[in-house]
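As provided, target27.cif (mmCIF, C-alpha atoms and all ligand atoms; chains and numbers go by the auth columns) reads as follows.
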```
data_coords
#
loop_
_atom_site.group_PDB
_atom_site.id
_atom_site.type_symbol
_atom_site.label_atom_id
_atom_site.label_comp_id
_atom_site.label_asym_id
_atom_site.label_seq_id
_atom_site.Cartn_x
_atom_site.Cartn_y
_atom_site.Cartn_z
_atom_site.B_iso_or_equiv
_atom_site.auth_seq_id
_atom_site.auth_asym_id
ATOM 1 C CA MET A 1 -6.737 -22.369 16.751 0.00 9 A
ATOM 2 C CA ALA A 2 -6.403 -20.914 20.250 0.00 10 A
ATOM 3 C CA ALA A 3 -8.177 -17.574 20.496 0.00 11 A
ATOM 4 C CA ASP A 4 -4.999 -15.568 20.790 0.00 12 A
ATOM 5 C CA ASP A 5 -3.505 -17.303 17.735 0.00 13 A
ATOM 6 C CA TRP A 6 -5.657 -15.054 15.545 0.00 14 A
ATOM 7 C CA PRO A 7 -4.517 -13.496 13.317 0.00 15 A
ATOM 8 C CA LYS A 8 -1.879 -15.959 12.141 0.00 16 A
ATOM 9 C CA ALA A 9 -0.631 -13.302 9.749 0.00 17 A
ATOM 10 C CA VAL A 10 -0.897 -9.538 9.505 0.00 18 A
ATOM 11 C CA LEU A 11 -0.512 -8.109 6.009 0.00 19 A
ATOM 12 C CA PHE A 12 0.157 -4.405 5.525 0.00 20 A
ATOM 13 C CA ASP A 13 -0.456 -2.033 2.662 0.00 21 A
ATOM 14 C CA LEU A 14 2.660 0.055 1.957 0.00 22 A
ATOM 15 C CA ASP A 15 1.989 3.626 0.747 0.00 23 A
ATOM 16 C CA GLY A 16 0.068 5.638 3.325 0.00 24 A
ATOM 17 C CA THR A 17 0.170 2.731 5.811 0.00 25 A
ATOM 18 C CA LEU A 18 3.770 1.667 6.595 0.00 26 A
ATOM 19 C CA VAL A 19 5.551 4.490 4.764 0.00 27 A
ATOM 20 C CA ASP A 20 4.864 8.068 3.785 0.00 28 A
ATOM 21 C CA SER A 21 6.097 7.775 0.209 0.00 29 A
ATOM 22 C CA ALA A 22 4.088 10.697 -1.157 0.00 30 A
ATOM 23 C CA PRO A 23 7.043 13.165 -1.261 0.00 31 A
ATOM 24 C CA ASP A 24 9.119 10.891 -3.551 0.00 32 A
ATOM 25 C CA LEU A 25 6.116 10.008 -5.715 0.00 33 A
ATOM 26 C CA HIS A 26 5.290 13.731 -5.942 0.00 34 A
ATOM 27 C CA ALA A 27 8.844 14.650 -7.005 0.00 35 A
ATOM 28 C CA ALA A 28 9.047 11.848 -9.586 0.00 36 A
ATOM 29 C CA LEU A 29 5.602 12.620 -11.001 0.00 37 A
ATOM 30 C CA ASN A 30 6.406 16.314 -11.415 0.00 38 A
ATOM 31 C CA GLU A 31 9.728 15.499 -13.074 0.00 39 A
ATOM 32 C CA THR A 32 7.926 13.138 -15.447 0.00 40 A
ATOM 33 C CA LEU A 33 5.262 15.722 -16.257 0.00 41 A
ATOM 34 C CA GLU A 34 7.871 18.414 -16.780 0.00 42 A
ATOM 35 C CA SER A 35 9.625 16.217 -19.345 0.00 43 A
ATOM 36 C CA TYR A 36 6.342 16.201 -21.305 0.00 44 A
ATOM 37 C CA GLY A 37 5.885 19.963 -20.925 0.00 45 A
ATOM 38 C CA GLU A 38 3.081 19.613 -18.351 0.00 46 A
ATOM 39 C CA PRO A 39 2.742 21.755 -15.200 0.00 47 A
ATOM 40 C CA PRO A 40 3.506 20.394 -11.705 0.00 48 A
ATOM 41 C CA PHE A 41 1.036 19.357 -8.991 0.00 49 A
ATOM 42 C CA THR A 42 1.207 20.158 -5.278 0.00 50 A
ATOM 43 C CA LEU A 43 2.161 17.422 -2.808 0.00 51 A
ATOM 44 C CA GLU A 44 -1.396 17.533 -1.457 0.00 52 A
ATOM 45 C CA ALA A 45 -2.884 16.873 -4.897 0.00 53 A
ATOM 46 C CA VAL A 46 -0.488 14.016 -5.671 0.00 54 A
ATOM 47 C CA THR A 47 -1.101 12.426 -2.278 0.00 55 A
ATOM 48 C CA ARG A 48 -4.778 12.007 -3.221 0.00 56 A
ATOM 49 C CA MET A 49 -3.774 10.322 -6.495 0.00 57 A
ATOM 50 C CA ILE A 50 -1.754 7.525 -4.789 0.00 58 A
ATOM 51 C CA GLY A 51 -3.034 4.057 -3.970 0.00 59 A
ATOM 52 C CA GLY A 52 -4.117 2.570 -7.281 0.00 60 A
ATOM 53 C CA GLY A 53 -0.646 1.770 -8.582 0.00 61 A
ATOM 54 C CA VAL A 54 1.532 3.698 -11.026 0.00 62 A
ATOM 55 C CA PRO A 55 -0.679 3.474 -14.154 0.00 63 A
ATOM 56 C CA LYS A 56 -3.577 4.882 -12.104 0.00 64 A
ATOM 57 C CA LEU A 57 -1.344 7.644 -10.744 0.00 65 A
ATOM 58 C CA ILE A 58 -0.483 8.701 -14.289 0.00 66 A
ATOM 59 C CA GLU A 59 -4.123 8.456 -15.408 0.00 67 A
ATOM 60 C CA ARG A 60 -5.290 10.545 -12.451 0.00 68 A
ATOM 61 C CA ALA A 61 -2.638 13.196 -13.106 0.00 69 A
ATOM 62 C CA TYR A 62 -3.645 13.532 -16.759 0.00 70 A
ATOM 63 C CA ALA A 63 -7.336 13.491 -15.856 0.00 71 A
ATOM 64 C CA ALA A 64 -6.635 16.404 -13.499 0.00 72 A
ATOM 65 C CA LEU A 65 -5.001 18.181 -16.453 0.00 73 A
ATOM 66 C CA ASP A 66 -8.154 17.402 -18.450 0.00 74 A
ATOM 67 C CA LYS A 67 -6.247 15.188 -20.830 0.00 75 A
ATOM 68 C CA GLU A 68 -7.237 11.759 -22.011 0.00 76 A
ATOM 69 C CA LEU A 69 -4.540 9.155 -22.426 0.00 77 A
ATOM 70 C CA ASP A 70 -4.712 6.172 -24.682 0.00 78 A
ATOM 71 C CA PRO A 71 -3.265 3.063 -23.017 0.00 79 A
ATOM 72 C CA ALA A 72 -0.115 2.912 -25.178 0.00 80 A
ATOM 73 C CA VAL A 73 0.810 6.516 -24.366 0.00 81 A
ATOM 74 C CA ARG A 74 0.012 5.946 -20.702 0.00 82 A
ATOM 75 C CA ASP A 75 2.306 2.901 -20.646 0.00 83 A
ATOM 76 C CA ARG A 76 5.182 4.956 -22.095 0.00 84 A
ATOM 77 C CA ILE A 77 4.660 7.625 -19.438 0.00 85 A
ATOM 78 C CA VAL A 78 4.535 4.907 -16.754 0.00 86 A
ATOM 79 C CA GLU A 79 7.883 3.608 -17.990 0.00 87 A
ATOM 80 C CA ARG A 80 9.454 7.062 -17.859 0.00 88 A
ATOM 81 C CA PHE A 81 7.995 7.658 -14.395 0.00 89 A
ATOM 82 C CA LEU A 82 9.500 4.398 -13.099 0.00 90 A
ATOM 83 C CA LYS A 83 12.923 5.263 -14.537 0.00 91 A
ATOM 84 C CA ILE A 84 12.805 8.488 -12.543 0.00 92 A
ATOM 85 C CA TYR A 85 11.159 7.078 -9.405 0.00 93 A
ATOM 86 C CA GLU A 86 12.976 3.782 -8.863 0.00 94 A
ATOM 87 C CA PRO A 87 16.492 5.170 -8.253 0.00 95 A
ATOM 88 C CA ARG A 88 15.112 7.728 -5.811 0.00 96 A
ATOM 89 C CA SER A 89 12.215 5.970 -4.103 0.00 97 A
ATOM 90 C CA THR A 90 13.793 6.358 -0.648 0.00 98 A
ATOM 91 C CA GLU A 91 15.102 9.928 -0.780 0.00 99 A
ATOM 92 C CA LEU A 92 12.194 11.722 0.875 0.00 100 A
ATOM 93 C CA THR A 93 10.135 8.708 1.992 0.00 101 A
ATOM 94 C CA THR A 94 9.779 8.138 5.736 0.00 102 A
ATOM 95 C CA LEU A 95 8.629 5.214 7.840 0.00 103 A
ATOM 96 C CA TYR A 96 5.480 5.926 9.866 0.00 104 A
ATOM 97 C CA SER A 97 5.835 6.099 13.593 0.00 105 A
ATOM 98 C CA ARG A 98 5.971 2.641 15.261 0.00 106 A
ATOM 99 C CA ALA A 99 6.045 0.723 11.938 0.00 107 A
ATOM 100 C CA SER A 100 9.280 -0.987 12.879 0.00 108 A
ATOM 101 C CA GLU A 101 8.273 -1.756 16.457 0.00 109 A
ATOM 102 C CA VAL A 102 4.811 -3.063 15.556 0.00 110 A
ATOM 103 C CA THR A 103 6.011 -5.382 12.785 0.00 111 A
ATOM 104 C CA ARG A 104 8.781 -6.728 15.033 0.00 112 A
ATOM 105 C CA SER A 105 6.397 -7.232 17.909 0.00 113 A
ATOM 106 C CA LEU A 106 3.934 -9.161 15.699 0.00 114 A
ATOM 107 C CA LYS A 107 6.788 -11.416 14.563 0.00 115 A
ATOM 108 C CA ALA A 108 7.865 -11.941 18.166 0.00 116 A
ATOM 109 C CA GLU A 109 4.303 -13.107 18.931 0.00 117 A
ATOM 110 C CA GLY A 110 4.793 -15.828 16.304 0.00 118 A
ATOM 111 C CA ARG A 111 2.663 -14.245 13.581 0.00 119 A
ATOM 112 C CA ALA A 112 3.638 -14.038 9.945 0.00 120 A
ATOM 113 C CA ILE A 113 3.834 -10.555 8.467 0.00 121 A
ATOM 114 C CA GLY A 114 3.817 -9.256 4.941 0.00 122 A
ATOM 115 C CA VAL A 115 3.199 -6.403 2.545 0.00 123 A
ATOM 116 C CA VAL A 116 0.536 -6.310 -0.172 0.00 124 A
ATOM 117 C CA THR A 117 0.806 -3.129 -2.223 0.00 125 A
ATOM 118 C CA ASN A 118 -0.176 -1.791 -5.621 0.00 126 A
ATOM 119 C CA LYS A 119 3.346 -0.326 -5.905 0.00 127 A
ATOM 120 C CA PRO A 120 5.579 -2.317 -8.279 0.00 128 A
ATOM 121 C CA GLY A 121 7.771 -4.974 -6.646 0.00 129 A
ATOM 122 C CA GLU A 122 11.123 -3.333 -7.463 0.00 130 A
ATOM 123 C CA ALA A 123 10.458 -0.061 -5.633 0.00 131 A
ATOM 124 C CA THR A 124 8.635 -1.948 -2.861 0.00 132 A
ATOM 125 C CA GLY A 125 11.744 -4.074 -2.243 0.00 133 A
ATOM 126 C CA GLN A 126 14.014 -1.023 -2.234 0.00 134 A
ATOM 127 C CA ILE A 127 11.871 0.766 0.314 0.00 135 A
ATOM 128 C CA LEU A 128 11.582 -2.241 2.627 0.00 136 A
ATOM 129 C CA ARG A 129 15.352 -2.844 2.462 0.00 137 A
ATOM 130 C CA HIS A 130 16.061 0.841 3.096 0.00 138 A
ATOM 131 C CA PHE A 131 14.075 0.762 6.327 0.00 139 A
ATOM 132 C CA GLY A 132 15.445 -2.617 7.444 0.00 140 A
ATOM 133 C CA LEU A 133 12.064 -4.345 7.083 0.00 141 A
ATOM 134 C CA SER A 134 12.862 -6.653 4.214 0.00 142 A
ATOM 135 C CA ASP A 135 14.264 -9.596 6.215 0.00 143 A
ATOM 136 C CA LEU A 136 11.320 -9.425 8.575 0.00 144 A
ATOM 137 C CA MET A 137 8.719 -10.040 5.877 0.00 145 A
ATOM 138 C CA ASP A 138 7.346 -13.530 5.273 0.00 146 A
ATOM 139 C CA VAL A 139 5.708 -12.384 2.047 0.00 147 A
ATOM 140 C CA VAL A 140 5.862 -9.275 -0.150 0.00 148 A
ATOM 141 C CA VAL A 141 3.396 -8.925 -3.025 0.00 149 A
ATOM 142 C CA GLY A 142 3.804 -5.925 -5.331 0.00 150 A
ATOM 143 C CA GLY A 143 1.282 -4.519 -7.775 0.00 151 A
ATOM 144 C CA ASP A 144 3.026 -6.148 -10.741 0.00 152 A
ATOM 145 C CA ALA A 145 3.020 -9.650 -9.190 0.00 153 A
ATOM 146 C CA GLY A 146 0.445 -10.909 -11.683 0.00 154 A
ATOM 147 C CA PRO A 147 -3.103 -10.714 -10.322 0.00 155 A
ATOM 148 C CA ALA A 148 -5.199 -7.561 -10.815 0.00 156 A
ATOM 149 C CA LYS A 149 -4.370 -4.805 -8.336 0.00 157 A
ATOM 150 C CA LYS A 150 -6.443 -3.859 -5.291 0.00 158 A
ATOM 151 C CA PRO A 151 -9.471 -3.271 -5.072 0.00 159 A
ATOM 152 C CA GLU A 152 -9.472 -6.750 -6.647 0.00 160 A
ATOM 153 C CA PRO A 153 -8.661 -9.479 -4.116 0.00 161 A
ATOM 154 C CA GLY A 154 -6.004 -11.328 -6.186 0.00 162 A
ATOM 155 C CA LEU A 155 -2.874 -9.826 -4.587 0.00 163 A
ATOM 156 C CA LEU A 156 -4.204 -10.722 -1.147 0.00 164 A
ATOM 157 C CA PHE A 157 -5.075 -14.265 -2.268 0.00 165 A
ATOM 158 C CA LEU A 158 -1.529 -14.625 -3.606 0.00 166 A
ATOM 159 C CA ALA A 159 -0.099 -13.560 -0.239 0.00 167 A
ATOM 160 C CA CYS A 160 -2.343 -16.063 1.589 0.00 168 A
ATOM 161 C CA GLU A 161 -1.317 -18.860 -0.774 0.00 169 A
ATOM 162 C CA THR A 162 2.365 -18.041 -0.314 0.00 170 A
ATOM 163 C CA LEU A 163 1.911 -18.198 3.456 0.00 171 A
ATOM 164 C CA GLY A 164 -0.220 -21.366 3.243 0.00 172 A
ATOM 165 C CA LEU A 165 -3.008 -19.623 5.167 0.00 173 A
ATOM 166 C CA GLU A 166 -6.744 -19.165 4.669 0.00 174 A
ATOM 167 C CA PRO A 167 -8.131 -15.615 4.322 0.00 175 A
ATOM 168 C CA ALA A 168 -9.947 -16.101 7.643 0.00 176 A
ATOM 169 C CA ASP A 169 -6.555 -16.544 9.401 0.00 177 A
ATOM 170 C CA VAL A 170 -5.310 -13.173 8.204 0.00 178 A
ATOM 171 C CA LEU A 171 -5.767 -9.480 9.048 0.00 179 A
ATOM 172 C CA PHE A 172 -5.058 -6.736 6.509 0.00 180 A
ATOM 173 C CA VAL A 173 -4.038 -3.240 7.582 0.00 181 A
ATOM 174 C CA GLY A 174 -4.418 -0.459 5.009 0.00 182 A
ATOM 175 C CA ASP A 175 -5.249 3.183 4.513 0.00 183 A
ATOM 176 C CA SER A 176 -7.656 3.410 1.618 0.00 184 A
ATOM 177 C CA GLU A 177 -10.865 2.334 -0.050 0.00 185 A
ATOM 178 C CA ASN A 178 -8.927 -0.021 -2.339 0.00 186 A
ATOM 179 C CA ASP A 179 -7.566 -1.843 0.698 0.00 187 A
ATOM 180 C CA VAL A 180 -10.980 -2.264 2.298 0.00 188 A
ATOM 181 C CA LYS A 181 -12.611 -3.424 -0.934 0.00 189 A
ATOM 182 C CA ALA A 182 -9.821 -5.887 -1.736 0.00 190 A
ATOM 183 C CA ALA A 183 -9.898 -7.356 1.761 0.00 191 A
ATOM 184 C CA GLN A 184 -13.671 -7.660 1.799 0.00 192 A
ATOM 185 C CA ALA A 185 -13.648 -9.354 -1.611 0.00 193 A
ATOM 186 C CA ALA A 186 -11.014 -11.784 -0.281 0.00 194 A
ATOM 187 C CA GLY A 187 -12.884 -12.523 2.969 0.00 195 A
ATOM 188 C CA ILE A 188 -10.086 -10.954 5.024 0.00 196 A
ATOM 189 C CA LYS A 189 -10.775 -8.699 8.002 0.00 197 A
ATOM 190 C CA VAL A 190 -9.404 -5.200 7.526 0.00 198 A
ATOM 191 C CA VAL A 191 -8.336 -2.353 9.783 0.00 199 A
ATOM 192 C CA VAL A 192 -7.576 1.127 8.455 0.00 200 A
ATOM 193 C CA VAL A 193 -4.964 3.464 9.853 0.00 201 A
ATOM 194 C CA ILE A 194 -6.495 6.935 9.926 0.00 202 A
ATOM 195 C CA GLY A 195 -4.452 9.683 8.306 0.00 203 A
ATOM 196 C CA GLY A 196 -3.268 7.819 5.211 0.00 204 A
ATOM 197 C CA TYR A 197 -3.866 8.950 1.652 0.00 205 A
ATOM 198 C CA THR A 198 -7.652 8.888 1.555 0.00 206 A
ATOM 199 C CA THR A 199 -10.072 11.741 2.141 0.00 207 A
ATOM 200 C CA LEU A 200 -12.783 9.283 3.232 0.00 208 A
ATOM 201 C CA SER A 201 -13.631 8.796 6.915 0.00 209 A
ATOM 202 C CA PRO A 202 -13.285 5.353 8.549 0.00 210 A
ATOM 203 C CA GLU A 203 -17.112 5.115 8.494 0.00 211 A
ATOM 204 C CA GLN A 204 -17.190 5.787 4.759 0.00 212 A
ATOM 205 C CA LEU A 205 -14.434 3.240 4.239 0.00 213 A
ATOM 206 C CA GLY A 206 -16.481 0.614 6.075 0.00 214 A
ATOM 207 C CA ALA A 207 -13.507 -1.307 7.512 0.00 215 A
ATOM 208 C CA ASP A 208 -13.841 -3.762 10.408 0.00 216 A
ATOM 209 C CA GLY A 209 -11.836 -1.376 12.557 0.00 217 A
ATOM 210 C CA ALA A 210 -9.899 1.881 12.499 0.00 218 A
ATOM 211 C CA VAL A 211 -6.823 2.962 14.456 0.00 219 A
ATOM 212 C CA ASP A 212 -5.113 6.328 14.881 0.00 220 A
ATOM 213 C CA SER A 213 -1.677 4.846 14.371 0.00 221 A
ATOM 214 C CA LEU A 214 0.002 1.507 13.735 0.00 222 A
ATOM 215 C CA SER A 215 0.589 1.094 17.458 0.00 223 A
ATOM 216 C CA GLY A 216 -3.158 0.510 17.860 0.00 224 A
ATOM 217 C CA VAL A 217 -3.320 -2.523 15.576 0.00 225 A
ATOM 218 C CA GLN A 218 -2.547 -5.227 18.149 0.00 226 A
ATOM 219 C CA ALA A 219 -5.161 -3.866 20.552 0.00 227 A
ATOM 220 C CA MET A 220 -7.811 -4.515 17.847 0.00 228 A
ATOM 221 C CA PHE A 221 -7.241 -8.276 17.665 0.00 229 A
ATOM 222 C CA GLU A 222 -9.528 -9.229 20.515 0.00 230 A
ATOM 223 C CA ALA A 223 -12.474 -7.226 19.179 0.00 231 A
ATOM 224 C CA LEU A 224 -12.038 -8.674 15.693 0.00 232 A
ATOM 225 C CA ARG A 225 -11.610 -12.365 16.608 0.00 233 A
HETATM 226 O O1 LIG B . -0.406 3.560 -5.555 0.00 301 B
HETATM 227 C C1 LIG B . 0.602 2.871 -5.343 0.00 301 B
HETATM 228 O O2 LIG B . 1.569 2.826 -6.127 0.00 301 B
HETATM 229 C C2 LIG B . 0.724 1.969 -4.133 0.00 301 B
HETATM 230 O O3 LIG B . -0.218 2.150 -3.143 0.00 301 B
HETATM 231 P P1 LIG B . -0.452 1.143 -1.902 0.00 301 B
HETATM 232 O O4 LIG B . 0.917 0.783 -1.289 0.00 301 B
HETATM 233 O O5 LIG B . -1.219 2.030 -1.028 0.00 301 B
HETATM 234 O O6 LIG B . -1.168 -0.045 -2.432 0.00 301 B
HETATM 235 MG MG MG B . -2.092 2.773 0.634 0.00 302 B
#
```

What's the structure tokens form of this structure?
Ligand SMILES: O=C(O)COP(=O)(O)O
Ligand SMILES: [Mg+2]
Amino acid sequence: MAADDWPKAVLFDLDGTLVDSAPDLHAALNETLESYGEPPFTLEAVTRMIGGGVPKLIERAYAALDKELDPAVRDRIVERFLKIYEPRSTELTTLYSRASEVTRSLKAEGRAIGVVTNKPGEATGQILRHFGLSDLMDVVVGGDAGPAKKPEPGLLFLACETLGLEPADVLFVGDSENDVKAAQAAGIKVVVVIGGYTTLSPEQLGADGAVDSLSGVQAMFEALR
């Protein structure tokens, strides 16, 4: 592979990386909690609960309320949350600056692009369609695709398989510890966009690189090759 062919594909995390979905997740979580007679959380608090997928979001919310959930109850709450969230997953959600330009520019360079998120596939598809990114994607893997969610590497492996690429051909761009751990377990280089939904610093995250915004991703390629 010619040096500037790398990476052959750039995969992106969704929440906290391509889109700021926290306001819709916050609204849907509070509506869900209210229906069970529980108090609401601030946007700030919910933002820190995002990134592990919906079951984790529900678990973290109840843990913050000092309540233990058995898995069957959690699953019922997850179902109710999704009924509330899915029809309104694009009401308050915004695309991060340059997300459209950067993904289009990577495609124009002949690279494959994709999304690998812990968010369920249905809402992921709605959000990507809403922002006109759906047709651009060579692969979209949601948290309910089958393999265990990030920080496990399975969703990333599935994306690589779908693209017919080796992990070493790919770069992952994410915002959180789960993204870094999943990529490292998959043997995929990973860059974090600072300012996503983690409280950890880039050093604590231990990624191969960190950028202030998505527009810095392409400038990292040479250093990472
Ligand atoms: O927590 C979620 O639902 C999704 O988070 P991710 O897009 O950052 O993987
Ligand atoms: Mg994320």

Discussion item. At a cut-off of 10 Å and counting only C-alpha atoms and all ligand atoms, what residues surround ligand MG 302 (chain B)? Please answer as a PyMOL selection string.
Written reply: chain A and resi 20-29+58-61+124-127+158+181-187+200-201+204-206

Worksheet item: Can you find the residues with an atom no farther than 10 Å from (-2.2, -14.3, 14.5), counting only C-alpha atoms, and report them as number ranges by chain?
Response: A: 9-18, 114-115, 117-121, 177-179, 226, 229, 233

Worksheet item: Selected by the PyMOL selection byres (((chain A and resi 140) around 12) and not hetatm) in the shown coordinates: which residues, as a PyMOL selection string?
Response: chain A and resi 103+107-109+111-112+133-139+141-145

Worksheet item: Which one of A:Leu41, A:Ala193, A:Leu163, A:Ala35 sits closest to ligand LIG 301 (chain B) if you count only C-alpha atoms and all ligand atoms?
Response: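 Among A:Leu41, A:Ala193, A:Leu163, A:Ala35, it is A:Leu163 that comes nearest to ligand LIG 301 (chain B).
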
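Put simply, CA of Gln212 (chain A) is 26.5 Å away from CA of Val149 (chain A).
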